[in-house]
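**Student:** Provided herewith: structure-v1.txt, compact mmCIF, C-alpha atoms.
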# COMPACT_ATOMS: atom_id res chain seq x y z
CA MET A 1 -159.06 -202.64 -134.36
CA CYS A 2 -162.35 -200.84 -134.19
CA THR A 3 -162.89 -198.86 -131.05
CA TYR A 4 -166.23 -197.95 -129.62
CA LEU A 5 -164.76 -195.30 -127.34
CA THR A 6 -166.53 -192.05 -128.04
CA THR A 7 -166.56 -188.90 -125.94
CA THR A 8 -169.16 -186.25 -126.54
CA GLU A 9 -168.47 -182.76 -125.20
CA GLN A 10 -171.05 -180.00 -125.08
CA VAL A 11 -169.27 -176.98 -126.51
CA SER A 12 -170.15 -173.48 -127.61
CA GLY A 13 -168.74 -171.89 -130.73
CA THR A 14 -169.07 -171.65 -134.47
CA GLY A 15 -167.73 -173.71 -137.32
CA LEU A 16 -167.34 -173.19 -141.03
CA GLY A 17 -168.84 -176.04 -143.03
CA ALA A 18 -169.74 -176.59 -146.66
CA GLY A 19 -172.88 -174.47 -146.26
CA GLY A 20 -171.26 -171.57 -144.39
CA TRP A 21 -170.87 -170.75 -140.71
CA PHE A 22 -173.08 -172.43 -138.15
CA ALA A 23 -173.35 -172.65 -134.37
CA ILE A 24 -171.59 -175.60 -132.79
CA GLY A 25 -173.03 -177.27 -129.71
CA GLN A 26 -171.31 -180.61 -129.64
CA ALA A 27 -167.87 -182.08 -130.25
CA VAL A 28 -167.75 -185.85 -130.73
CA VAL A 29 -164.24 -187.19 -130.16
CA TYR A 30 -163.08 -190.70 -131.02
CA PHE A 31 -160.04 -192.66 -132.09
CA ASP A 32 -160.91 -195.09 -134.86
CA HIS A 33 -160.76 -195.76 -138.58
CA PRO A 34 -160.85 -192.46 -140.41
CA GLN A 35 -162.90 -191.93 -143.55
CA GLN A 36 -160.17 -190.16 -145.51
CA ALA A 37 -156.85 -189.83 -143.68
CA PRO A 38 -154.31 -192.35 -145.03
CA VAL A 39 -153.66 -193.94 -141.64
CA GLU A 40 -155.22 -196.99 -140.02
CA HIS A 41 -156.50 -195.04 -137.06
CA ALA A 42 -156.98 -191.38 -136.40
CA LEU A 43 -158.14 -189.02 -133.71
CA CYS A 44 -161.41 -187.80 -135.16
CA ILE A 45 -163.56 -184.89 -134.07
CA ASP A 46 -166.98 -184.07 -135.45
CA PHE A 47 -168.13 -180.58 -134.54
CA ARG A 48 -171.91 -180.59 -134.80
CA PRO A 49 -174.77 -178.22 -133.97
CA GLY A 50 -176.34 -180.67 -131.52
CA ASP A 51 -178.17 -183.91 -131.08
CA GLN A 52 -180.84 -183.65 -133.77
CA ALA A 53 -178.79 -181.82 -136.32
CA ASP A 54 -178.70 -182.25 -140.06
CA PRO A 55 -176.03 -184.97 -140.37
CA ALA A 56 -174.26 -183.09 -143.15
CA ARG A 57 -173.93 -180.02 -140.96
CA ARG A 58 -170.64 -180.74 -139.31
CA VAL A 59 -166.97 -179.92 -139.41
CA ALA A 60 -164.92 -183.10 -139.35
CA ILE A 61 -161.22 -183.52 -138.74
CA GLU A 62 -159.06 -186.66 -138.72
CA LEU A 63 -155.56 -186.38 -137.25
CA ASP A 64 -152.83 -188.92 -136.71
CA ALA A 65 -152.13 -189.44 -133.02
CA PRO A 66 -148.94 -187.31 -132.75
CA SER A 67 -150.68 -184.42 -134.52
CA ALA A 68 -153.66 -184.70 -132.20
CA ARG A 69 -151.41 -184.59 -129.13
CA ARG A 70 -149.53 -181.54 -130.44
CA LEU A 71 -152.82 -179.82 -131.21
CA ALA A 72 -154.21 -180.54 -127.73
CA GLU A 73 -151.02 -179.20 -126.12
CA SER A 74 -151.11 -176.20 -128.38
CA ILE A 75 -154.70 -175.38 -127.42
CA LEU A 76 -153.91 -175.67 -123.73
CA ALA A 77 -150.71 -173.64 -124.08
CA THR A 78 -152.55 -170.93 -125.97
CA LEU A 79 -155.24 -170.71 -123.31
CA ALA A 80 -152.59 -170.62 -120.59
CA HIS A 81 -150.61 -167.81 -122.22
CA ASP A 82 -150.25 -164.65 -120.13
CA GLU A 83 -151.86 -162.49 -122.78
CA VAL A 84 -154.92 -164.75 -122.82
CA ARG A 85 -155.15 -165.05 -119.07
CA ALA A 86 -154.95 -161.29 -118.83
CA LEU A 87 -158.28 -161.22 -120.65
CA GLY A 88 -159.88 -162.96 -117.69
CA VAL A 89 -160.42 -166.21 -119.59
CA GLU A 90 -160.93 -169.27 -117.38
CA MET B 1 -170.83 -221.48 -168.96
CA ALA B 2 -173.02 -220.06 -166.19
CA SER B 3 -174.23 -216.52 -166.73
CA ASP B 4 -172.54 -213.84 -164.68
CA ARG B 5 -175.13 -211.15 -165.36
CA MET B 6 -176.15 -209.34 -162.22
CA GLU B 7 -178.49 -206.64 -161.01
CA ALA B 8 -177.54 -204.29 -158.20
CA GLY B 9 -178.91 -201.16 -156.64
CA THR B 10 -180.51 -199.38 -153.72
CA ILE B 11 -183.77 -200.72 -152.37
CA SER B 12 -185.90 -200.36 -149.26
CA ILE B 13 -186.39 -203.31 -146.93
CA THR B 14 -188.62 -203.76 -143.93
CA SER B 15 -186.81 -204.33 -140.69
CA ARG B 16 -188.30 -206.95 -138.36
CA ASN B 17 -189.54 -204.10 -136.17
CA GLY B 18 -191.50 -202.63 -139.11
CA ASP B 19 -189.13 -199.76 -139.95
CA GLU B 20 -188.37 -199.17 -143.61
CA ILE B 21 -184.62 -198.84 -144.09
CA GLU B 22 -182.34 -198.31 -147.04
CA ALA B 23 -180.38 -201.31 -148.30
CA TYR B 24 -178.23 -202.34 -151.22
CA HIS B 25 -179.17 -205.46 -153.13
CA ALA B 26 -177.08 -207.39 -155.62
CA ARG B 27 -178.17 -210.64 -157.22
CA PRO B 28 -177.35 -212.92 -160.12
CA MET B 29 -179.90 -212.40 -162.90
CA GLU B 30 -180.01 -215.71 -164.70
CA ARG B 31 -179.52 -218.25 -161.97
CA THR B 32 -181.92 -219.99 -159.66
CA GLY B 33 -181.33 -221.93 -156.50
CA TYR B 34 -178.67 -219.53 -155.26
CA GLY B 35 -177.68 -218.97 -151.66
CA SER B 36 -177.82 -215.52 -150.12
CA VAL B 37 -175.74 -213.39 -147.80
CA VAL B 38 -176.48 -210.47 -145.51
CA VAL B 39 -173.43 -208.19 -145.64
CA ILE B 40 -172.97 -206.07 -142.51
CA HIS B 41 -170.99 -202.91 -143.12
CA HIS B 42 -168.12 -201.72 -140.98
CA MET B 43 -168.12 -198.84 -138.48
CA PRO B 44 -167.16 -196.26 -141.15
CA GLY B 45 -170.53 -196.92 -142.65
CA TYR B 46 -172.73 -198.10 -145.46
CA ASP B 47 -170.23 -197.11 -148.11
CA SER B 48 -169.09 -197.84 -151.64
CA SER B 49 -166.55 -200.44 -150.42
CA THR B 50 -169.29 -202.47 -148.78
CA LYS B 51 -171.57 -202.20 -151.80
CA GLU B 52 -168.67 -203.48 -153.87
CA ILE B 53 -168.52 -206.53 -151.61
CA ALA B 54 -172.22 -207.17 -152.27
CA ARG B 55 -171.57 -207.07 -156.02
CA ARG B 56 -168.68 -209.47 -155.54
CA PHE B 57 -171.06 -211.95 -153.95
CA ALA B 58 -173.49 -211.55 -156.85
CA ALA B 59 -170.65 -212.11 -159.32
CA HIS B 60 -169.97 -215.38 -157.53
CA GLY B 61 -173.59 -216.43 -157.78
CA TYR B 62 -175.01 -215.28 -154.44
CA GLY B 63 -177.79 -212.87 -153.63
CA ALA B 64 -176.59 -210.20 -151.20
CA VAL B 65 -178.15 -207.40 -149.18
CA VAL B 66 -176.34 -204.73 -147.21
CA PRO B 67 -178.79 -203.19 -144.74
CA ASN B 68 -177.89 -199.60 -143.94
CA LEU B 69 -177.65 -199.90 -140.17
CA PHE B 70 -177.16 -196.13 -139.94
CA HIS B 71 -180.21 -195.22 -142.01
CA ARG B 72 -182.35 -194.11 -139.08
CA TYR B 73 -179.70 -191.66 -137.86
CA ALA B 74 -179.31 -189.83 -141.16
CA PRO B 75 -181.79 -190.79 -143.90
CA GLY B 76 -180.39 -189.90 -147.30
CA ALA B 77 -177.09 -188.60 -145.93
CA SER B 78 -173.68 -189.57 -147.25
CA ALA B 79 -172.06 -192.65 -145.72
CA ASP B 80 -169.55 -190.67 -143.70
CA ASP B 81 -172.11 -188.17 -142.36
CA ALA B 82 -174.40 -191.05 -141.39
CA ALA B 83 -171.54 -192.85 -139.64
CA ALA B 84 -170.77 -189.68 -137.66
CA ALA B 85 -174.43 -189.26 -136.72
CA ALA B 86 -174.69 -192.89 -135.58
CA ARG B 87 -171.57 -192.53 -133.48
CA ALA B 88 -172.83 -189.32 -131.92
CA ALA B 89 -176.01 -191.19 -130.97
CA GLY B 90 -173.98 -193.85 -129.13
CA GLY B 91 -173.89 -196.43 -131.90
CA VAL B 92 -176.35 -199.00 -133.20
CA PRO B 93 -178.16 -200.98 -130.47
CA ASP B 94 -177.70 -204.73 -130.82
CA ALA B 95 -181.47 -205.31 -130.75
CA GLN B 96 -181.99 -202.89 -133.64
CA CYS B 97 -179.17 -204.51 -135.62
CA LEU B 98 -180.80 -207.92 -135.17
CA ASP B 99 -184.10 -206.50 -136.43
CA ASP B 100 -182.40 -205.13 -139.53
CA VAL B 101 -180.47 -208.34 -140.26
CA ALA B 102 -183.69 -210.35 -139.78
CA GLY B 103 -185.43 -208.01 -142.23
CA ALA B 104 -182.64 -208.49 -144.76
CA MET B 105 -182.84 -212.28 -144.30
CA ALA B 106 -186.58 -212.25 -144.94
CA PHE B 107 -186.10 -210.17 -148.07
CA LEU B 108 -183.42 -212.52 -149.42
CA LYS B 109 -185.42 -215.66 -148.68
CA ALA B 110 -188.41 -214.20 -150.56
CA GLN B 111 -186.49 -213.65 -153.81
CA PRO B 112 -187.73 -215.93 -156.59
CA GLY B 113 -184.29 -217.35 -157.48
CA ALA B 114 -183.10 -217.90 -153.92
CA ASN B 115 -182.72 -221.35 -152.39
CA GLY B 116 -183.79 -220.16 -148.95
CA LYS B 117 -180.36 -220.47 -147.34
CA VAL B 118 -178.94 -217.29 -145.90
CA GLY B 119 -175.53 -216.55 -144.46
CA VAL B 120 -174.16 -213.43 -142.86
CA ILE B 121 -170.79 -211.73 -143.10
CA GLY B 122 -169.59 -208.63 -141.33
CA TYR B 123 -166.45 -206.57 -141.21
CA CYS B 124 -164.92 -204.67 -138.29
CA SER B 125 -167.85 -203.78 -135.97
CA GLY B 126 -169.94 -205.77 -138.47
CA GLY B 127 -167.87 -208.85 -137.62
CA ARG B 128 -169.11 -208.61 -134.07
CA GLN B 129 -172.65 -208.06 -135.35
CA SER B 130 -172.27 -211.13 -137.57
CA TYR B 131 -171.38 -213.24 -134.52
CA LEU B 132 -174.26 -211.61 -132.64
CA SER B 133 -176.66 -212.44 -135.48
CA ALA B 134 -175.49 -216.03 -135.68
CA CYS B 135 -176.31 -216.47 -131.99
CA ASN B 136 -179.78 -214.96 -132.29
CA LEU B 137 -181.17 -215.61 -135.78
CA ASP B 138 -181.79 -218.73 -137.86
CA LEU B 139 -178.89 -218.31 -140.25
CA ASP B 140 -177.18 -221.09 -142.18
CA ALA B 141 -173.58 -219.82 -141.98
CA ALA B 142 -171.78 -216.85 -140.47
CA VAL B 143 -168.47 -215.14 -141.20
CA ASP B 144 -166.80 -212.84 -138.70
CA CYS B 145 -164.10 -210.70 -140.31
CA TYR B 146 -161.98 -209.24 -137.51
CA GLY B 147 -164.96 -208.23 -135.40
CA GLY B 148 -163.69 -206.30 -132.39
CA GLY B 149 -165.54 -206.43 -129.11
CA VAL B 150 -166.90 -209.99 -129.24
CA VAL B 151 -164.89 -210.51 -126.08
CA ALA B 152 -165.88 -207.64 -123.82
CA THR B 153 -165.29 -206.80 -120.19
CA PRO B 154 -168.21 -205.57 -118.04
CA ASP B 155 -166.99 -201.97 -118.25
CA GLN B 156 -167.20 -202.13 -122.06
CA LEU B 157 -170.90 -202.96 -122.04
CA THR B 158 -173.28 -200.13 -122.86
CA PRO B 159 -177.05 -199.67 -123.20
CA GLN B 160 -176.55 -200.26 -126.95
CA ARG B 161 -174.41 -203.38 -126.41
CA PRO B 162 -175.62 -204.72 -123.06
CA VAL B 163 -174.34 -208.31 -123.31
CA ALA B 164 -170.88 -209.55 -124.30
CA VAL B 165 -171.36 -211.51 -127.53
CA ILE B 166 -168.87 -214.14 -126.37
CA ASP B 167 -171.39 -215.04 -123.66
CA MET B 168 -173.98 -215.86 -126.34
CA THR B 169 -171.76 -218.55 -127.90
CA LYS B 170 -173.78 -221.40 -126.45
CA ASP B 171 -176.71 -220.18 -128.60
CA LEU B 172 -174.76 -220.09 -131.88
CA ARG B 173 -177.10 -221.57 -134.48
CA CYS B 174 -174.85 -222.11 -137.51
CA PRO B 175 -171.26 -222.83 -138.55
CA LEU B 176 -168.89 -219.90 -138.04
CA LEU B 177 -165.87 -218.85 -140.08
CA GLY B 178 -163.51 -216.37 -138.42
CA LEU B 179 -160.88 -214.40 -140.32
CA PHE B 180 -158.40 -212.40 -138.27
CA GLY B 181 -155.11 -210.54 -138.48
CA VAL B 182 -152.38 -211.53 -136.03
CA ASN B 183 -151.33 -207.88 -135.68
CA ASP B 184 -154.82 -206.72 -134.76
CA ALA B 185 -155.32 -205.28 -131.27
CA ASN B 186 -159.08 -205.85 -131.21
CA PRO B 187 -159.68 -208.69 -131.74
CA SER B 188 -156.20 -209.57 -130.54
CA PRO B 189 -154.79 -213.11 -130.82
CA GLU B 190 -155.76 -213.48 -127.14
CA HIS B 191 -159.36 -212.52 -127.93
CA VAL B 192 -159.40 -215.00 -130.82
CA ALA B 193 -158.05 -217.74 -128.54
CA ARG B 194 -160.79 -216.95 -126.02
CA MET B 195 -163.42 -217.25 -128.76
CA GLU B 196 -161.97 -220.59 -129.89
CA GLU B 197 -162.04 -221.82 -126.32
CA GLU B 198 -165.69 -220.87 -125.90
CA LEU B 199 -166.75 -222.34 -129.26
CA THR B 200 -164.94 -225.59 -128.50
CA LYS B 201 -166.49 -225.77 -125.04
CA HIS B 202 -169.96 -225.60 -126.57
CA HIS B 203 -169.16 -228.07 -129.38
CA LYS B 204 -169.83 -225.53 -132.13
CA THR B 205 -168.77 -225.97 -135.75
CA PHE B 206 -166.23 -223.31 -136.58
CA GLU B 207 -162.99 -222.63 -138.39
CA PHE B 208 -160.66 -219.74 -137.73
CA HIS B 209 -157.83 -218.39 -139.85
CA SER B 210 -155.39 -215.85 -138.42
CA TYR B 211 -153.02 -214.21 -140.87
CA GLU B 212 -149.41 -213.36 -140.00
CA GLY B 213 -148.44 -209.86 -141.08
CA ALA B 214 -152.05 -208.70 -141.31
CA GLY B 215 -153.78 -206.31 -138.95
CA HIS B 216 -157.33 -205.10 -138.74
CA ALA B 217 -159.38 -204.42 -141.89
CA PHE B 218 -157.13 -206.40 -144.22
CA PHE B 219 -159.99 -206.78 -146.72
CA TRP B 220 -160.47 -203.01 -147.10
CA VAL B 221 -158.92 -202.35 -150.49
CA GLU B 222 -158.95 -198.56 -150.22
CA ARG B 223 -157.03 -198.31 -146.96
CA PRO B 224 -153.41 -198.81 -145.86
CA SER B 225 -154.60 -201.77 -143.79
CA TYR B 226 -155.28 -203.80 -146.96
CA ASN B 227 -153.19 -206.98 -147.03
CA ALA B 228 -153.28 -208.69 -150.39
CA GLU B 229 -152.14 -212.11 -149.19
CA ALA B 230 -154.59 -212.27 -146.30
CA ALA B 231 -157.44 -210.91 -148.41
CA ARG B 232 -156.82 -213.37 -151.21
CA ASP B 233 -156.79 -216.36 -148.88
CA GLY B 234 -159.69 -214.91 -146.89
CA TRP B 235 -161.89 -214.77 -149.97
CA HIS B 236 -160.85 -218.32 -150.82
CA GLN B 237 -161.98 -219.46 -147.36
CA ILE B 238 -165.27 -217.58 -147.73
CA TRP B 239 -166.09 -219.21 -151.08
CA ASN B 240 -165.31 -222.65 -149.65
CA PHE B 241 -167.33 -222.02 -146.53
CA TYR B 242 -170.43 -220.61 -148.21
CA GLY B 243 -170.09 -223.18 -150.99
CA LYS B 244 -170.45 -225.83 -148.32
CA TYR B 245 -173.24 -224.33 -146.24
CA LEU B 246 -175.30 -222.17 -148.58
CA ALA B 247 -175.51 -224.42 -151.63
CA SER B 248 -178.85 -225.91 -152.60
Rewrite the coordinates I just gave you, this time as structure tokens.

**Tutor:**
Amino acid sequence: MCTYLTTTEQVSGTGLGAGGWFAIGQAVVYFDHPQQAPVEHALCIDFRPGDQADPARRVAIELDAPSARRLAESILATLAHDEVRALGVE
Amino acid sequence: MASDRMEAGTISITSRNGDEIEAYHARPMERTGYGSVVVIHHMPGYDSSTKEIARRFAAHGYGAVVPNLFHRYAPGASADDAAAAARAAGGVPDAQCLDDVAGAMAFLKAQPGANGKVGVIGYCSGGRQSYLSACNLDLDAAVDCYGGGVVATPDQLTPQRPVAVIDMTKDLRCPLLGLFGVNDANPSPEHVARMEEELTKHHKTFEFHSYEGAGHAFFWVERPSYNAEAARDGWHQIWNFYGKYLAS
């Protein structure tokens, strides 16, 4: 199947791409055919500077669904850790 | 023996709305009176696999053009970067797609060796766009290869895709060939049945083939979804179909 479901999150951070580090303003998340990963569908994220960015300026990842779930849980668990919360992080 | 010499490469075509967009053109070199095909690329983009399909059509004696539907979002970028940019922009609007397909049709019809008949074929999201084109443009034959989203619920409609293509069926202007995988989730066998029902209701000329054991993207040779048996028979159906409707 091809899905059209795409979620775009405004984010703030930096990413390391082919041309070096750059500021990230947008994360585009979708579950669809990957370009490279050897699976029929993958959870894909394109980290991009923003709306009008150079299209080659992005960090792309393609994960199979179980990996994506583990990663999401891992991110949330890391942010919920006592040592992180002690830093006053929301 | 008929010559199989061909010419293929990147060109610029004029979309119906006047925009110049990149396209890939393949044509037989020493034939005249040949039919032509607009090849609509899949959601992963205007890539080498799709260009290979265009060359396959030329090898079989057809002129073919692949309009780069993502050109405006990332001129000159790689296929995967352009696909990402198009997705980030919300996807290709149906109206813009129709302009680009119409531009490709005009280009193909104007070629000296062409017989003036033009078909369309699309894969994945391009399958839906093929169906869309067949309902809105004066094509001679259309092939929908597992186009997801032809059957759409109101909550799936967007500013880019404001009308469910299934609801345009009454306006279908040419014969339609549909090639689907039984294991596909979109279009599912239920979606395919719904399309058949609508086409029959409006007395349209169509033929559908659904392949057991095949899922989505069974023509895509570089991916795990490739299904040799379905692809082989699918190509056989395509040659028969275009041979019937695009011949001089």

**Student:** Hey, can you check how far atom CA of B:Val118 sits from atom CA of B:Tyr211?

**Tutor:** 26.6 Å

**Student:** So that I can see what lies close to stretch 26-36 of chain A, please list as a PDB file with C-alpha atoms, in the frame of the given file the residues with an atom at most 6 Å from it, counting only C-alpha atoms and leaving out residues fewer than 3 positions away in the same chain.

**Tutor:**
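Saved file result22.pdb follows:
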ATOM      1  CA  CYS A   2    -162.350-200.840-134.190  1.00  0.00           C
ATOM      2  CA  THR A   3    -162.890-198.860-131.050  1.00  0.00           C
ATOM      3  CA  THR A   6    -166.530-192.050-128.040  1.00  0.00           C
ATOM      4  CA  THR A   7    -166.560-188.900-125.940  1.00  0.00           C
ATOM      5  CA  THR A   8    -169.160-186.250-126.540  1.00  0.00           C
ATOM      6  CA  GLU A   9    -168.470-182.760-125.200  1.00  0.00           C
ATOM      7  CA  GLN A  10    -171.050-180.000-125.080  1.00  0.00           C
ATOM      8  CA  VAL A  11    -169.270-176.980-126.510  1.00  0.00           C
ATOM      9  CA  GLU A  40    -155.220-196.990-140.020  1.00  0.00           C
ATOM     10  CA  HIS A  41    -156.500-195.040-137.060  1.00  0.00           C
ATOM     11  CA  ALA A  42    -156.980-191.380-136.400  1.00  0.00           C
ATOM     12  CA  LEU A  43    -158.140-189.020-133.710  1.00  0.00           C
ATOM     13  CA  CYS A  44    -161.410-187.800-135.160  1.00  0.00           C
ATOM     14  CA  ILE A  45    -163.560-184.890-134.070  1.00  0.00           C
ATOM     15  CA  ASP A  46    -166.980-184.070-135.450  1.00  0.00           C
ATOM     16  CA  PHE A  47    -168.130-180.580-134.540  1.00  0.00           C
ATOM     17  CA  ARG A  48    -171.910-180.590-134.800  1.00  0.00           C
ATOM     18  CA  GLY A  50    -176.340-180.670-131.520  1.00  0.00           C
TER      19      GLY A  50
END

**Student:** Excluding same-chain residues fewer than 5 positions from A:Asp54, what lies within 12 Å of it counting all atoms listed in the file, as a PyMOL selection string?

**Tutor:** (chain A and resi 19+22+48-49+59) or (chain B and resi 73-78+81-82+84-85)

**Student:** What is the distance, in Å and to one decimal place, between atom CA of B:Arg16 and atom CA of B:Gly103?

**Tutor:**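 Atom CA of B:Gly103 lies at a distance of 4.9 Å from atom CA of B:Arg16.
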
**Student:** Using only C-alpha atoms, select each residue of chain B with any atom at most 7 Å away from an atom of chain A, and give the selection as a short mmCIF file (atom, residue, chain, number, x, y, z; two decimals) with C-alpha atoms, in the coordinates of the input.

**Tutor:**
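Once everything was written out, this is selection06.cif:
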data_model
loop_
_atom_site.label_atom_id
_atom_site.label_comp_id
_atom_site.auth_asym_id
_atom_site.auth_seq_id
_atom_site.Cartn_x
_atom_site.Cartn_y
_atom_site.Cartn_z
CA PRO B 44 -167.16 -196.26 -141.15
CA ALA B 74 -179.31 -189.83 -141.16
CA ALA B 77 -177.09 -188.60 -145.93
CA ASP B 80 -169.55 -190.67 -143.70
CA ASP B 81 -172.11 -188.17 -142.36
CA ALA B 82 -174.40 -191.05 -141.39
CA ALA B 85 -174.43 -189.26 -136.72
CA ALA B 88 -172.83 -189.32 -131.92
CA CYS B 124 -164.92 -204.67 -138.29
CA SER B 125 -167.85 -203.78 -135.97
CA GLY B 148 -163.69 -206.30 -132.39
CA ASP B 184 -154.82 -206.72 -134.76
CA ALA B 185 -155.32 -205.28 -131.27
CA ASN B 186 -159.08 -205.85 -131.21
CA PRO B 187 -159.68 -208.69 -131.74
CA HIS B 216 -157.33 -205.10 -138.74
CA ARG B 223 -157.03 -198.31 -146.96
CA PRO B 224 -153.41 -198.81 -145.86
CA SER B 225 -154.60 -201.77 -143.79
#

**Student:** Which residues come within 12 Å of A:Glu90, counting all atoms listed in the file, excluding same-chain residues fewer than 5 positions away, as number ranges by chain?

**Tutor:** A: 76, 79-82, 84-85

**Student:** List the neighbours of B:Phe241 out to 12 Å using all atoms listed in the file; skip same-chain residues closer than 5 positions along the sequence, and give me the result as a list in words.

**Tutor:**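 My reading of the contact set: Gly35, Gly119, Val120, Ile121, Asp140, Ala141, Ala142, Val143, Cys174, Pro175, Leu176, Leu177, Gly178, Leu179, Thr205, Phe206, Glu207, Phe208, Gly234, Trp235, His236, Leu246 and Ala247 of chain B.
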
**Student:** Rounded to one decimal, what separation in Å do you get between atom CA of B:Val182 and atom CA of B:Gln129?

**Tutor:**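 Going from atom CA of B:Val182 over to atom CA of B:Gln129 covers 20.6 Å.
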
**Student:** My list of candidates is B:Ser210, B:Gly181, B:His191, B:Cys135. Which is closest to B:Asp167 when distances are computed with all atoms listed in the file?

**Tutor:**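 Smallest distance to B:Asp167 is found for B:Cys135.
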
**Student:** So that I can check the surroundings of B:Ala104, please list as an MDAnalysis selection string every protein, DNA and RNA residue that reaches within 12 Å of it, counting only C-alpha atoms and ignoring chain neighbours fewer than 6 positions away.

**Tutor:** chainID B and resid 11:17 19:25 36:40 63:69 97:98 110:111 118:120 133 137 139

**Student:** Around all listed atoms of stretch 8-27 of chain A, padded 5 Å per side, what centre and edge lengths does the axis-aligned box have in Å to one decimal, as AutoDock Vina command-line options?

**Tutor:**
--center_x -170.3 --center_y -178.5 --center_z -135.9 --size_x 16.0 --size_y 25.5 --size_z 31.6
